[in-house]
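Enquirer: If it helps, the file is called query.tsv and holds TSV, C-alpha atoms:
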```tsv
chain	number	residue	atom	x	y	z
F	1	MET	CA	0.00	0.00	0.00
F	2	LYS	CA	1.36	3.40	-0.99
F	3	ARG	CA	1.29	5.85	1.89
F	4	PRO	CA	-0.63	9.09	1.22
F	5	VAL	CA	1.77	10.97	3.52
F	6	ALA	CA	5.42	10.21	4.24
F	7	ARG	CA	6.12	8.89	7.73
F	8	TYR	CA	8.03	11.05	10.19
F	9	THR	CA	7.92	14.16	8.04
F	10	HIS	CA	7.60	17.82	8.99
F	11	GLU	CA	6.08	18.81	5.66
F	12	GLY	CA	2.76	19.65	7.33
F	13	VAL	CA	4.19	22.75	9.05
F	14	GLU	CA	4.31	25.94	6.99
F	15	LYS	CA	6.64	28.93	7.12
F	16	ALA	CA	8.56	27.92	10.23
F	17	ASP	CA	12.16	27.22	11.10
F	18	ILE	CA	12.22	23.63	12.34
F	19	SER	CA	14.90	22.28	14.67
F	20	VAL	CA	15.19	19.07	16.69
F	21	HIS	CA	16.65	19.17	20.20
F	22	PRO	CA	17.66	15.78	21.64
F	23	PHE	CA	18.13	15.27	25.36
F	24	ALA	CA	18.52	12.38	27.78
F	25	THR	CA	16.61	11.25	30.86
F	26	GLU	CA	18.24	10.27	34.14
F	27	ASP	CA	17.36	6.63	33.51
F	28	GLY	CA	19.20	6.64	30.20
F	29	LEU	CA	16.75	7.19	27.34
F	30	GLY	CA	17.19	9.64	24.50
F	31	LEU	CA	14.13	11.85	23.89
F	32	SER	CA	13.60	14.89	21.70
F	33	LEU	CA	11.83	18.21	21.41
F	34	THR	CA	11.01	19.67	18.01
F	35	ARG	CA	10.74	23.43	17.67
F	36	PHE	CA	8.52	25.16	15.10
F	37	HIS	CA	9.65	28.77	15.21
F	38	ARG	CA	8.47	31.80	13.28
F	39	ALA	CA	9.42	34.47	15.81
F	40	ASP	CA	10.16	34.84	19.49
F	41	CYS	CA	7.09	35.52	21.64
F	42	ASP	CA	6.32	35.82	25.34
F	43	ASP	CA	4.20	32.65	25.39
F	44	VAL	CA	5.49	29.26	24.27
F	45	VAL	CA	3.23	26.27	23.61
F	46	LEU	CA	4.38	22.70	24.31
F	47	LEU	CA	2.46	19.85	22.63
F	48	VAL	CA	2.47	16.40	24.27
F	49	HIS	CA	1.25	13.32	22.36
F	50	GLY	CA	-0.40	10.17	23.71
F	51	LEU	CA	0.20	6.43	23.32
F	52	PRO	CA	1.04	5.00	20.84
F	53	ALA	CA	1.37	8.24	18.92
F	54	SER	CA	4.12	10.84	18.43
F	55	SER	CA	4.54	14.51	17.66
F	56	ASP	CA	3.20	13.66	14.18
F	57	MET	CA	-0.36	13.97	15.47
F	58	PHE	CA	0.17	17.74	15.79
F	59	ILE	CA	1.74	18.35	12.35
F	60	MET	CA	-0.44	16.32	9.96
F	61	PRO	CA	-0.35	17.76	6.41
F	62	GLU	CA	-3.74	16.44	5.27
F	63	HIS	CA	-5.71	18.99	7.31
F	64	ARG	CA	-5.08	22.23	9.19
F	65	ASN	CA	-3.08	20.91	12.09
F	66	MET	CA	-2.68	22.30	15.59
F	67	THR	CA	0.87	23.55	15.08
F	68	ASN	CA	-0.07	25.66	12.06
F	69	PHE	CA	-3.20	26.87	13.85
F	70	LEU	CA	-1.17	28.13	16.81
F	71	LEU	CA	1.53	29.66	14.62
F	72	ASP	CA	-1.10	31.48	12.55
F	73	ASN	CA	-2.81	32.84	15.66
F	74	GLY	CA	0.12	34.60	17.28
F	75	TYR	CA	1.85	31.74	19.15
F	76	THR	CA	4.92	31.76	16.97
F	77	ASP	CA	7.13	29.48	19.07
F	78	VAL	CA	5.60	26.00	19.29
F	79	TRP	CA	7.42	22.92	20.62
F	80	ALA	CA	6.41	19.26	20.39
F	81	LEU	CA	7.72	16.58	22.74
F	82	ASP	CA	8.51	13.01	21.75
F	83	PHE	CA	8.88	11.06	25.00
F	84	ARG	CA	9.35	7.34	25.61
F	85	MET	CA	5.86	6.45	24.35
F	86	SER	CA	6.63	7.98	20.94
F	87	ASN	CA	6.53	5.68	17.94
F	88	ARG	CA	9.42	7.70	16.53
F	89	PHE	CA	11.70	5.77	18.91
F	90	PRO	CA	12.50	2.09	18.30
F	91	TYR	CA	12.49	1.22	21.99
F	92	ASN	CA	8.76	1.96	22.15
F	93	ALA	CA	8.24	-1.23	20.12
F	94	GLU	CA	10.59	-3.31	22.25
F	95	THR	CA	9.63	-5.47	25.20
F	96	ASN	CA	9.93	-3.23	28.25
F	97	HIS	CA	8.43	-2.72	31.69
F	98	TYR	CA	7.99	1.04	31.66
F	99	SER	CA	4.97	2.57	33.37
F	100	LEU	CA	3.51	6.05	33.49
F	101	ASP	CA	5.51	6.57	36.68
F	102	ASP	CA	8.74	6.40	34.63
F	103	ILE	CA	7.42	9.08	32.31
F	104	ALA	CA	6.25	11.31	35.18
F	105	LEU	CA	9.52	10.92	37.04
F	106	TYR	CA	12.03	11.09	34.19
F	107	ASP	CA	10.61	12.29	30.87
F	108	HIS	CA	8.56	15.40	31.54
F	109	PRO	CA	10.90	17.03	34.08
F	110	ALA	CA	13.83	16.48	31.68
F	111	ALA	CA	11.82	17.87	28.79
F	112	MET	CA	10.96	21.01	30.74
F	113	ARG	CA	14.60	21.52	31.71
F	114	GLU	CA	15.64	21.26	28.07
F	115	LEU	CA	12.85	23.59	27.00
F	116	ARG	CA	13.81	26.16	29.64
F	117	ARG	CA	17.42	25.98	28.45
F	118	HIS	CA	16.27	27.47	25.15
F	119	ILE	CA	13.42	29.80	26.11
F	120	GLY	CA	14.42	31.02	29.56
F	121	GLY	CA	11.62	32.27	31.80
F	122	ARG	CA	8.92	32.80	29.19
F	123	ARG	CA	5.42	31.49	29.91
F	124	VAL	CA	4.76	27.89	28.87
F	125	HIS	CA	1.33	26.54	27.97
F	126	VAL	CA	0.90	22.78	27.61
F	127	VAL	CA	-1.57	20.99	25.33
F	128	ALA	CA	-1.58	17.25	26.07
F	129	GLN	CA	-3.41	14.23	24.69
F	130	CYS	CA	-4.42	10.88	26.25
F	131	LEU	CA	-1.68	9.19	28.30
F	132	GLY	CA	0.66	12.05	27.56
F	133	ALA	CA	-1.83	14.17	29.50
F	134	VAL	CA	-2.12	11.63	32.32
F	135	SER	CA	1.65	11.39	32.75
F	136	PHE	CA	2.22	15.16	32.45
F	137	PHE	CA	-0.44	15.84	35.06
F	138	MET	CA	1.19	13.22	37.26
F	139	SER	CA	4.47	15.17	37.02
F	140	MET	CA	2.73	18.39	37.94
F	141	SER	CA	0.77	16.78	40.77
F	142	ALA	CA	4.04	15.39	42.17
F	143	GLY	CA	5.61	18.87	42.05
F	144	LEU	CA	8.27	17.77	39.56
F	145	VAL	CA	7.02	20.18	36.87
F	146	THR	CA	5.99	23.51	38.34
F	147	ASP	CA	6.48	26.30	35.82
F	148	VAL	CA	3.44	25.92	33.57
F	149	ALA	CA	1.15	28.91	32.96
F	150	SER	CA	-1.83	26.91	31.70
F	151	ALA	CA	-2.71	23.43	30.49
F	152	VAL	CA	-5.15	21.80	28.11
F	153	THR	CA	-5.88	18.10	28.44
F	154	ASN	CA	-7.88	16.12	25.92
F	155	SER	CA	-9.93	13.04	26.89
F	156	VAL	CA	-8.27	12.14	30.21
F	157	SER	CA	-5.98	13.46	32.93
F	158	LEU	CA	-6.00	12.32	36.57
F	159	VAL	CA	-9.36	10.53	36.60
F	160	THR	CA	-9.43	7.28	34.62
F	161	ARG	CA	-12.84	5.88	33.67
F	162	VAL	CA	-13.37	3.46	30.80
F	163	PRO	CA	-16.26	1.42	29.33
F	164	ALA	CA	-16.99	-1.97	30.90
F	165	TRP	CA	-15.62	-3.89	27.91
F	166	SER	CA	-12.39	-1.88	28.01
F	167	ARG	CA	-12.07	-2.68	31.70
F	168	LEU	CA	-12.26	-6.41	30.92
F	169	LYS	CA	-9.69	-6.04	28.15
F	170	LEU	CA	-7.34	-4.19	30.48
F	171	LYS	CA	-7.70	-6.88	33.14
F	172	TYR	CA	-7.30	-9.99	30.99
F	173	GLY	CA	-5.95	-8.78	27.65
F	174	PRO	CA	-2.24	-8.34	28.46
F	175	GLY	CA	-1.97	-11.86	29.89
F	176	ILE	CA	-3.87	-13.44	27.00
F	177	VAL	CA	-1.78	-11.63	24.38
F	178	GLU	CA	1.56	-12.19	26.11
F	179	TYR	CA	1.15	-15.78	27.26
F	180	GLY	CA	-1.53	-17.01	24.86
F	181	PHE	CA	-0.19	-15.52	21.64
F	182	GLY	CA	3.42	-15.07	22.73
F	183	VAL	CA	3.78	-11.37	21.84
F	184	SER	CA	4.57	-8.46	24.13
F	185	VAL	CA	3.62	-5.63	21.76
F	186	LEU	CA	0.32	-5.03	19.96
F	187	ASP	CA	1.02	-4.03	16.36
F	188	ALA	CA	-1.46	-2.10	14.22
F	189	TYR	CA	0.39	-3.32	11.12
F	190	SER	CA	-0.43	-6.95	11.99
F	191	ALA	CA	-2.53	-7.50	8.84
F	192	ARG	CA	0.66	-7.18	6.78
F	193	ALA	CA	2.48	-9.96	8.63
F	194	GLY	CA	3.05	-13.42	7.13
F	195	ARG	CA	-0.01	-15.64	6.65
F	196	PHE	CA	0.55	-17.97	9.59
F	197	THR	CA	2.28	-15.63	12.02
F	198	ARG	CA	0.89	-14.73	15.45
F	199	ASN	CA	0.37	-11.11	14.48
F	200	ARG	CA	-1.61	-12.05	11.37
F	201	MET	CA	-3.80	-14.35	13.47
F	202	ILE	CA	-4.48	-11.54	15.96
F	203	SER	CA	-5.38	-9.18	13.13
F	204	ARG	CA	-7.81	-11.64	11.56
F	205	LEU	CA	-9.52	-12.26	14.90
F	206	VAL	CA	-9.88	-8.55	15.55
F	207	SER	CA	-11.22	-7.82	12.05
F	208	ALA	CA	-13.80	-10.59	12.46
F	209	VAL	CA	-15.57	-8.50	15.10
F	210	HIS	CA	-14.61	-5.07	13.72
F	211	ASN	CA	-16.33	-4.86	10.35
F	212	GLU	CA	-17.06	-1.15	10.41
F	213	CYS	CA	-14.64	-0.37	7.55
F	214	ASP	CA	-12.27	-2.09	5.13
F	215	ASN	CA	-9.07	-1.03	6.90
F	216	PRO	CA	-7.67	-3.76	9.23
F	217	ASP	CA	-5.23	-1.23	10.68
F	218	CYS	CA	-8.18	0.82	11.90
F	219	HIS	CA	-9.71	-2.33	13.41
F	220	MET	CA	-6.53	-3.04	15.36
F	221	VAL	CA	-6.24	0.48	16.75
F	222	SER	CA	-9.88	0.41	17.86
F	223	PHE	CA	-9.26	-2.92	19.57
F	224	MET	CA	-6.14	-1.59	21.27
F	225	TRP	CA	-7.75	1.58	22.61
F	226	GLY	CA	-11.41	1.45	23.39
F	227	THR	CA	-14.91	0.11	22.99
F	228	GLY	CA	-16.93	0.59	19.83
F	229	ARG	CA	-16.65	0.61	16.07
F	230	PRO	CA	-14.71	2.83	15.69
F	231	ALA	CA	-13.37	3.51	19.18
F	232	MET	CA	-10.82	6.27	18.65
F	233	PHE	CA	-13.01	8.75	16.79
F	234	TYR	CA	-16.70	9.57	16.44
F	235	ASP	CA	-17.18	8.19	12.94
F	236	HIS	CA	-15.06	7.69	9.85
F	237	ASP	CA	-16.26	10.96	8.34
F	238	SER	CA	-14.57	12.86	11.17
F	239	LEU	CA	-11.20	11.97	9.61
F	240	ALA	CA	-9.70	13.02	6.31
F	241	PRO	CA	-9.54	9.99	3.99
F	242	GLU	CA	-5.74	10.21	4.00
F	243	THR	CA	-5.73	10.04	7.79
F	244	HIS	CA	-7.86	6.91	7.83
F	245	GLN	CA	-5.63	5.29	5.23
F	246	ARG	CA	-2.49	5.89	7.30
F	247	TRP	CA	-4.03	5.24	10.71
F	248	ALA	CA	-1.41	2.64	11.64
F	249	ASP	CA	1.37	5.10	10.82
F	250	LEU	CA	-0.01	7.44	13.48
F	251	PHE	CA	-0.79	4.76	16.12
F	252	PRO	CA	1.40	1.76	15.27
F	253	VAL	CA	2.52	-0.22	18.32
F	254	THR	CA	1.68	-0.44	22.02
F	255	GLY	CA	3.67	-2.20	24.74
F	256	LEU	CA	1.64	-4.23	27.22
F	257	SER	CA	3.33	-2.84	30.33
F	258	TYR	CA	1.44	0.45	30.04
F	259	TYR	CA	-1.89	-1.37	29.98
F	260	ARG	CA	-1.10	-2.97	33.33
F	261	HIS	CA	-0.52	0.40	34.96
F	262	ILE	CA	-3.64	1.85	33.36
F	263	TYR	CA	-5.68	-1.03	34.76
F	264	LYS	CA	-4.49	-0.21	38.27
F	265	MET	CA	-5.62	3.36	37.71
F	266	VAL	CA	-8.97	2.25	36.32
F	267	LYS	CA	-9.55	0.07	39.40
F	268	ALA	CA	-8.72	3.02	41.65
F	269	GLY	CA	-10.72	5.43	39.51
F	270	HIS	CA	-7.82	7.86	39.21
F	271	ALA	CA	-4.05	8.06	38.71
F	272	VAL	CA	-2.09	6.00	41.25
F	273	LYS	CA	1.48	4.78	41.48
F	274	ASN	CA	2.27	1.52	39.71
F	275	ARG	CA	4.61	0.10	42.37
F	276	PRO	CA	3.91	1.63	45.80
F	277	GLY	CA	6.84	1.08	48.12
F	278	ASP	CA	9.46	0.87	45.39
F	279	PRO	CA	12.23	3.24	46.54
F	280	ARG	CA	13.09	4.14	42.94
F	281	TYR	CA	9.82	6.08	42.76
F	282	ALA	CA	9.91	7.68	46.21
F	283	ALA	CA	9.62	11.16	44.67
F	284	LEU	CA	6.15	10.30	43.36
F	285	PRO	CA	2.94	10.18	45.42
F	286	ASP	CA	0.97	6.96	45.76
F	287	ASP	CA	-2.20	8.91	44.88
F	288	TYR	CA	-1.71	11.63	42.26
F	289	LEU	CA	-5.18	13.12	42.60
F	290	ARG	CA	-4.83	13.86	46.31
F	291	GLY	CA	-2.46	16.82	45.99
F	292	ALA	CA	-3.40	17.90	42.50
F	293	ALA	CA	-5.41	20.98	43.45
F	294	GLU	CA	-2.38	22.79	44.87
F	295	ASN	CA	-0.02	21.98	41.99
F	296	LEU	CA	-2.04	22.24	38.78
F	297	PRO	CA	-2.21	25.39	36.64
F	298	PRO	CA	-5.51	26.65	35.22
F	299	THR	CA	-6.64	23.80	33.01
F	300	LEU	CA	-9.08	23.36	30.16
F	301	PHE	CA	-10.55	19.85	30.35
F	302	LEU	CA	-11.60	18.77	26.85
F	303	THR	CA	-13.56	15.66	25.92
F	304	GLY	CA	-15.74	14.43	23.12
F	305	SER	CA	-19.40	13.86	23.93
F	306	ASP	CA	-19.03	10.31	22.58
F	307	ASN	CA	-15.67	9.40	24.13
F	308	ARG	CA	-15.37	5.61	23.74
F	309	VAL	CA	-11.92	5.32	25.28
F	310	PHE	CA	-12.00	7.30	28.56
F	311	THR	CA	-15.76	8.09	28.65
F	312	ASP	CA	-16.44	10.96	31.11
F	313	SER	CA	-13.00	10.96	32.79
F	314	ASN	CA	-12.29	14.64	32.20
F	315	ILE	CA	-15.83	15.64	33.16
F	316	VAL	CA	-15.45	13.93	36.54
F	317	CYS	CA	-11.91	15.24	37.04
F	318	HIS	CA	-13.08	18.79	36.35
F	319	ARG	CA	-15.91	18.34	38.86
F	320	ILE	CA	-13.54	17.07	41.59
F	321	LEU	CA	-10.90	19.74	41.08
F	322	SER	CA	-13.47	22.53	40.79
F	323	ARG	CA	-14.74	21.66	44.26
F	324	ARG	CA	-11.20	21.99	45.59
F	325	ALA	CA	-10.27	25.12	43.60
F	326	PRO	CA	-13.49	26.89	42.52
F	327	GLY	CA	-13.23	28.91	39.33
F	328	ARG	CA	-9.72	27.77	38.45
F	329	HIS	CA	-10.49	25.22	35.73
F	330	THR	CA	-12.88	25.00	32.78
F	331	LEU	CA	-14.61	22.18	30.92
F	332	LYS	CA	-15.46	21.86	27.23
F	333	VAL	CA	-17.50	18.91	25.92
F	334	ILE	CA	-17.35	18.76	22.13
F	335	PRO	CA	-20.48	17.41	20.40
F	336	ARG	CA	-20.01	14.56	17.91
F	337	TYR	CA	-16.37	13.95	18.86
F	338	SER	CA	-14.76	11.01	20.63
F	339	HIS	CA	-11.23	10.40	21.93
F	340	VAL	CA	-8.54	11.48	19.48
F	341	ASP	CA	-10.47	13.29	16.74
F	342	PRO	CA	-10.41	16.55	18.78
F	343	ILE	CA	-6.72	16.62	17.80
F	344	VAL	CA	-6.53	14.78	14.45
F	345	GLY	CA	-10.04	15.30	13.05
F	346	ARG	CA	-10.35	17.07	9.72
F	347	ASN	CA	-12.59	19.80	11.19
F	348	ALA	CA	-10.88	20.11	14.57
F	349	HIS	CA	-9.47	23.52	13.53
F	350	VAL	CA	-13.08	24.76	13.39
F	351	ASP	CA	-14.74	22.79	16.20
F	352	VAL	CA	-11.98	22.38	18.81
F	353	PHE	CA	-8.83	24.43	18.33
F	354	PRO	CA	-10.53	27.82	18.91
F	355	ALA	CA	-11.44	26.73	22.46
F	356	ILE	CA	-7.81	25.78	23.07
F	357	LEU	CA	-6.66	29.11	21.68
F	358	GLU	CA	-9.09	31.03	23.87
F	359	HIS	CA	-7.84	29.26	27.00
F	360	ILE	CA	-4.18	29.92	26.19
F	361	ARG	CA	-4.88	33.56	25.37
F	362	GLN	CA	-6.71	34.07	28.65
F	363	HIS	CA	-3.72	32.88	30.64
F	364	SER	CA	-1.15	34.55	28.43
F	365	LEU	CA	-2.54	37.80	29.77
F	366	THR	CA	-3.27	36.97	33.39
F	367	ARG	CA	-0.59	34.65	34.72
F	368	GLN	CA	3.16	35.06	34.97
F	369	VAL	CA	5.71	32.26	35.26
F	370	ALA	CA	7.26	32.10	38.71
```
Turn the structure described in the file into structure tokens.
Expert:
Amino acid sequence: MKRPVARYTHEGVEKADISVHPFATEDGLGLSLTRFHRADCDDVVLLVHGLPASSDMFIMPEHRNMTNFLLDNGYTDVWALDFRMSNRFPYNAETNHYSLDDIALYDHPAAMRELRRHIGGRRVHVVAQCLGAVSFFMSMSAGLVTDVASAVTNSVSLVTRVPAWSRLKLKYGPGIVEYGFGVSVLDAYSARAGRFTRNRMISRLVSAVHNECDNPDCHMVSFMWGTGRPAMFYDHDSLAPETHQRWADLFPVTGLSYYRHIYKMVKAGHAVKNRPGDPRYAALPDDYLRGAAENLPPTLFLTGSDNRVFTDSNIVCHRILSRRAPGRHTLKVIPRYSHVDPIVGRNAHVDVFPAILEHIRQHSLTRQVA
């Protein structure tokens, strides 16, 4: 199949100087920040992807992407983080035992240090998606990232609620896949594997119950990340045809270790530590929601009205945090959107991005970085 868009390209960003800034975490992983720069400005925006995505979700050339939208609306210094969940890194597809605690402890604090090295004390506004949002909010709740002027989180943050079928998949799926099929990574490209391979068998089983379209890659991603047909977006018309065709390029592989931590959070109803008592994670709280009110910046909680991955997680989180800090945070429920289409949908620049822009503008004027 010929790809409609080249993988790992920056061709979707217009009229910007693009530079890549690699850095390392304290536990020995190489990560990167990509800068899209038209001019210096007082307010910098940092974009944080989810799992199993990358910074590509913010620079897609087939529709007006978030990076261009921000650049065109006065935020002329936009950065995108690729952390250890990014499919741009080969180790994301390797067998590993990373959890969201590793990201909260190592990745986001290191990213903010590298960002500050280049921009100094200017205000930083964060827009985060899915598990990138969960882990970034964990870092802020733990007090490891403190210098954020405002935040936007799509779909989920510190409250983790999923459909009943997703809960069953989280509980039993990793064991069945790892010990039953003998694989430790779910691969959205599985339909292209050899005829009698494990991955091809998994793909055929998934497509047998996901007959909503003719793209087996789309079936696999829906199976990996939610309940419904499709699970990741409201309906197929919410995506550009090119996006649907290259769906596996955007969300290719997912390691099972993250699912195990997410299941612990789902059982608790909110973000909790993966291994309480492990001295390596002593800097992190056992319960991330408990101290969140004191450490979070003004936040816009976004969610689709038909979210089939994390249901009403951000609605409930907004309700909890608004009781603790009245008037600090805002909520936006987007009609006819689901989980990821508020970021990658073909009409997101009309239906969603203006609300993000309004939130950032409000706190560009009213809040200074400490």
Enquirer: Find the smallest box with edges along x, y and z containing every listed atom of region 271-288 of chain F, then add 6 Å on each side and report centre and edge lengths in Å to one decimal, as JSON.
Expert:
```
{"center_x": 4.5, "center_y": 5.9, "center_z": 43.4, "size_x": 29.1, "size_y": 23.5, "size_z": 21.4}
```
Enquirer: Taking (-7.9, 11.4, 36.3) in the file's own coordinates, collect the residues within 9 Å, counting only C-alpha atoms, and hand them back as a ChimeraX atom specification.
Expert: /F:134,137,156-161,265,269-271,288-289,313-314,316-317
Enquirer: Determine the nearest neighbour of Ile59 (chain F) from the options F:Glu14, F:Glu94, F:Asp249, F:Asp217, counting only C-alpha atoms.
Expert: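 Using only C-alpha atoms, the shortest distance to Ile59 (chain F) belongs to F:Glu14.
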Enquirer: So which residues touch Val183 (chain F) within 12 Å, counting all atoms listed in the file, skipping near sequence neighbours fewer than 5 positions away, as a list in words?
Expert: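 In the requested form, the answer reads Ala93, Glu94, Thr95, Gly173, Pro174, Gly175, Ile176, Val177, Glu178, Ser190, Thr197, Arg198, Asn199, Arg200, Met201, Ile202, Val253, Thr254, Gly255 and Leu256 of chain F.
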Enquirer: Taking all atoms listed in the file into account, produce a table as a Markdown table in which each residue of region 186-246 of chain F with an atom at most 12 Å from an atom of region 84-92 of chain F appears once, together with its shortest atom pair and the distance in Å to one decimal, ordered by chain and rising number.
Expert:
```
| residue | atom | partner | partner_atom | distance |
| --- | --- | --- | --- | --- |
| F:Leu186 | CA | F:Asn92 | CA | 11.2 |
| F:Asp187 | CA | F:Asn87 | CA | 11.3 |
| F:Ala188 | CA | F:Asn87 | CA | 11.8 |
```
Enquirer: For region 129-231 of chain F against region 42-48 of chain F, with a cut-off of 10 Å and counting only C-alpha atoms, what is the closest atom pair and its distance in Å to one decimal for every residue that makes the cut, ordered by chain and number, as CSV?
Expert:
```
residue,atom,partner,partner_atom,distance
F:Gln129,CA,F:Val48,CA,6.3
F:Cys130,CA,F:Val48,CA,9.0
F:Leu131,CA,F:Val48,CA,9.2
F:Gly132,CA,F:Val48,CA,5.7
F:Ala133,CA,F:Val48,CA,7.1
F:Ser135,CA,F:Val48,CA,9.9
F:Phe136,CA,F:Val48,CA,8.3
F:Val148,CA,F:Leu46,CA,9.8
F:Ala149,CA,F:Asp43,CA,9.0
F:Ser150,CA,F:Val45,CA,9.6
F:Ala151,CA,F:Leu46,CA,9.4
F:Val152,CA,F:Leu47,CA,9.6
F:Thr153,CA,F:Val48,CA,9.5
```
Enquirer: In Å, how far is it from CA of Ala293 (chain F) to CA of Ala128 (chain F)?
Expert: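 Taking CA of Ala293 (chain F) and CA of Ala128 (chain F), their separation equals 18.2 Å.
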Enquirer: To one decimal place in Å, what is the distance between CA of Asp214 (chain F) and CA of Ser257 (chain F)?
Expert: 29.6 Å
Enquirer: Would you work out the distance separating CA of Leu33 (chain F) from CA of Lys332 (chain F), expressed in Å to one decimal?
Expert: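 Value for the CA of Leu33 (chain F)-CA of Lys332 (chain F) distance: 28.1 Å.
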Enquirer: For Asp341 (chain F), which of F:Gln245, F:Thr76, F:Gln362, F:Asn65 is the closest residue, counting all atoms listed in the file?
Expert: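 Closest to Asp341 (chain F), using all atoms listed in the file: F:Asn65.
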Enquirer: Point out the residue among F:Gly120, F:Pro216, F:Pro335, F:Gly228 with the least atom-to-atom distance to Ala193 (chain F), counting only C-alpha atoms.
Expert: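 Closest to Ala193 (chain F), using only C-alpha atoms: F:Pro216.
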Enquirer: Need the shell around Asp101 (chain F): protein/DNA/RNA residues with any atom at most 10 Å away, counting all atoms listed in the file. Skip same-chain ones fewer than 5 positions apart. Format as a PyMOL selection string?
Expert: chain F and resi 106-107+135+138-139+258+261+271-275+281+284-285
Enquirer: Please list as a list in words every residue within 12 Å of Asp72 (chain F), counting all atoms listed in the file and excluding residues in the same chain fewer than 6 positions away.
Expert: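 Contacts, with the query itself left out: Val13, Glu14, Lys15, Ala16, Phe36, His37, Arg38, Ala39, Arg64, Asn65, Met66, Val78, His349, Phe353, Pro354 and Leu357 of chain F.
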Enquirer: Give the answer as one residue: which of F:Ser364, F:Asp237, F:Ala53, F:Leu105 has the shortest atom-to-atom distance to Ala283 (chain F), using only C-alpha atoms?
Expert: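 For Ala283 (chain F), the nearest of the candidates is F:Leu105.
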Enquirer: Hey, what's within 9 Å of Val352 (chain F) if we count only C-alpha atoms and toss same-chain stuff fewer than 5 positions away? As a PyMOL selection string, please?
Expert: chain F and resi 302+334+342-343+347
Enquirer: For the residues in that selection, give me C-alpha atoms as a short mmCIF file (atom, residue, chain, number, x, y, z; two decimals), keeping the file's coordinate frame.
Expert:
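Output contents, as saved in part03.cif:
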```
data_model
loop_
_atom_site.label_atom_id
_atom_site.label_comp_id
_atom_site.auth_asym_id
_atom_site.auth_seq_id
_atom_site.Cartn_x
_atom_site.Cartn_y
_atom_site.Cartn_z
CA LEU F 302 -11.60 18.77 26.85
CA ILE F 334 -17.35 18.76 22.13
CA PRO F 342 -10.41 16.55 18.78
CA ILE F 343 -6.72 16.62 17.80
CA ASN F 347 -12.59 19.80 11.19
#
```
Enquirer: Is there a way to get, as an mmCIF file with C-alpha atoms, in the frame of the given file, all residues within 10 Å of the point (-9.2, -8.6, 19.9) in file coordinates, counting all atoms listed in the file?
Expert:
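File written: result-v9.cif
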```cif
data_model
loop_
_atom_site.group_PDB
_atom_site.id
_atom_site.type_symbol
_atom_site.label_atom_id
_atom_site.label_comp_id
_atom_site.auth_asym_id
_atom_site.auth_seq_id
_atom_site.Cartn_x
_atom_site.Cartn_y
_atom_site.Cartn_z
ATOM 1 C CA LYS F 169 -9.690 -6.040 28.150
ATOM 2 C CA GLY F 173 -5.950 -8.780 27.650
ATOM 3 C CA VAL F 177 -1.780 -11.630 24.380
ATOM 4 C CA ILE F 202 -4.480 -11.540 15.960
ATOM 5 C CA SER F 203 -5.380 -9.180 13.130
ATOM 6 C CA ARG F 204 -7.810 -11.640 11.560
ATOM 7 C CA LEU F 205 -9.520 -12.260 14.900
ATOM 8 C CA VAL F 206 -9.880 -8.550 15.550
ATOM 9 C CA SER F 207 -11.220 -7.820 12.050
ATOM 10 C CA ALA F 208 -13.800 -10.590 12.460
ATOM 11 C CA VAL F 209 -15.570 -8.500 15.100
ATOM 12 C CA HIS F 210 -14.610 -5.070 13.720
ATOM 13 C CA HIS F 219 -9.710 -2.330 13.410
ATOM 14 C CA MET F 220 -6.530 -3.040 15.360
ATOM 15 C CA SER F 222 -9.880 0.410 17.860
ATOM 16 C CA PHE F 223 -9.260 -2.920 19.570
ATOM 17 C CA MET F 224 -6.140 -1.590 21.270
#
```
Enquirer: Choose the residue, out of F:Ala292, F:Ala355, F:Val266, F:Val350, that has the smallest atom-to-atom separation from Ala164 (chain F); count all atoms listed in the file.
Expert: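 Smallest distance to Ala164 (chain F) is found for F:Val266.
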Enquirer: Please provide the set of residues having any atom within 9 Å of Val344 (chain F), restricted to only C-alpha atoms, with same-chain residues fewer than 3 positions apart removed, written as an MDAnalysis selection string.
Expert: chainID F and resid 57:58 60 63 65:66 238:240 243 340:341 347:348
Enquirer: Which residue is closest to Ser155 (chain F)? Choose from F:Asp351, F:Thr299, F:Ile356, F:Val333 and count all atoms listed in the file.
Expert: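 Using all atoms listed in the file, the shortest distance to Ser155 (chain F) belongs to F:Val333.
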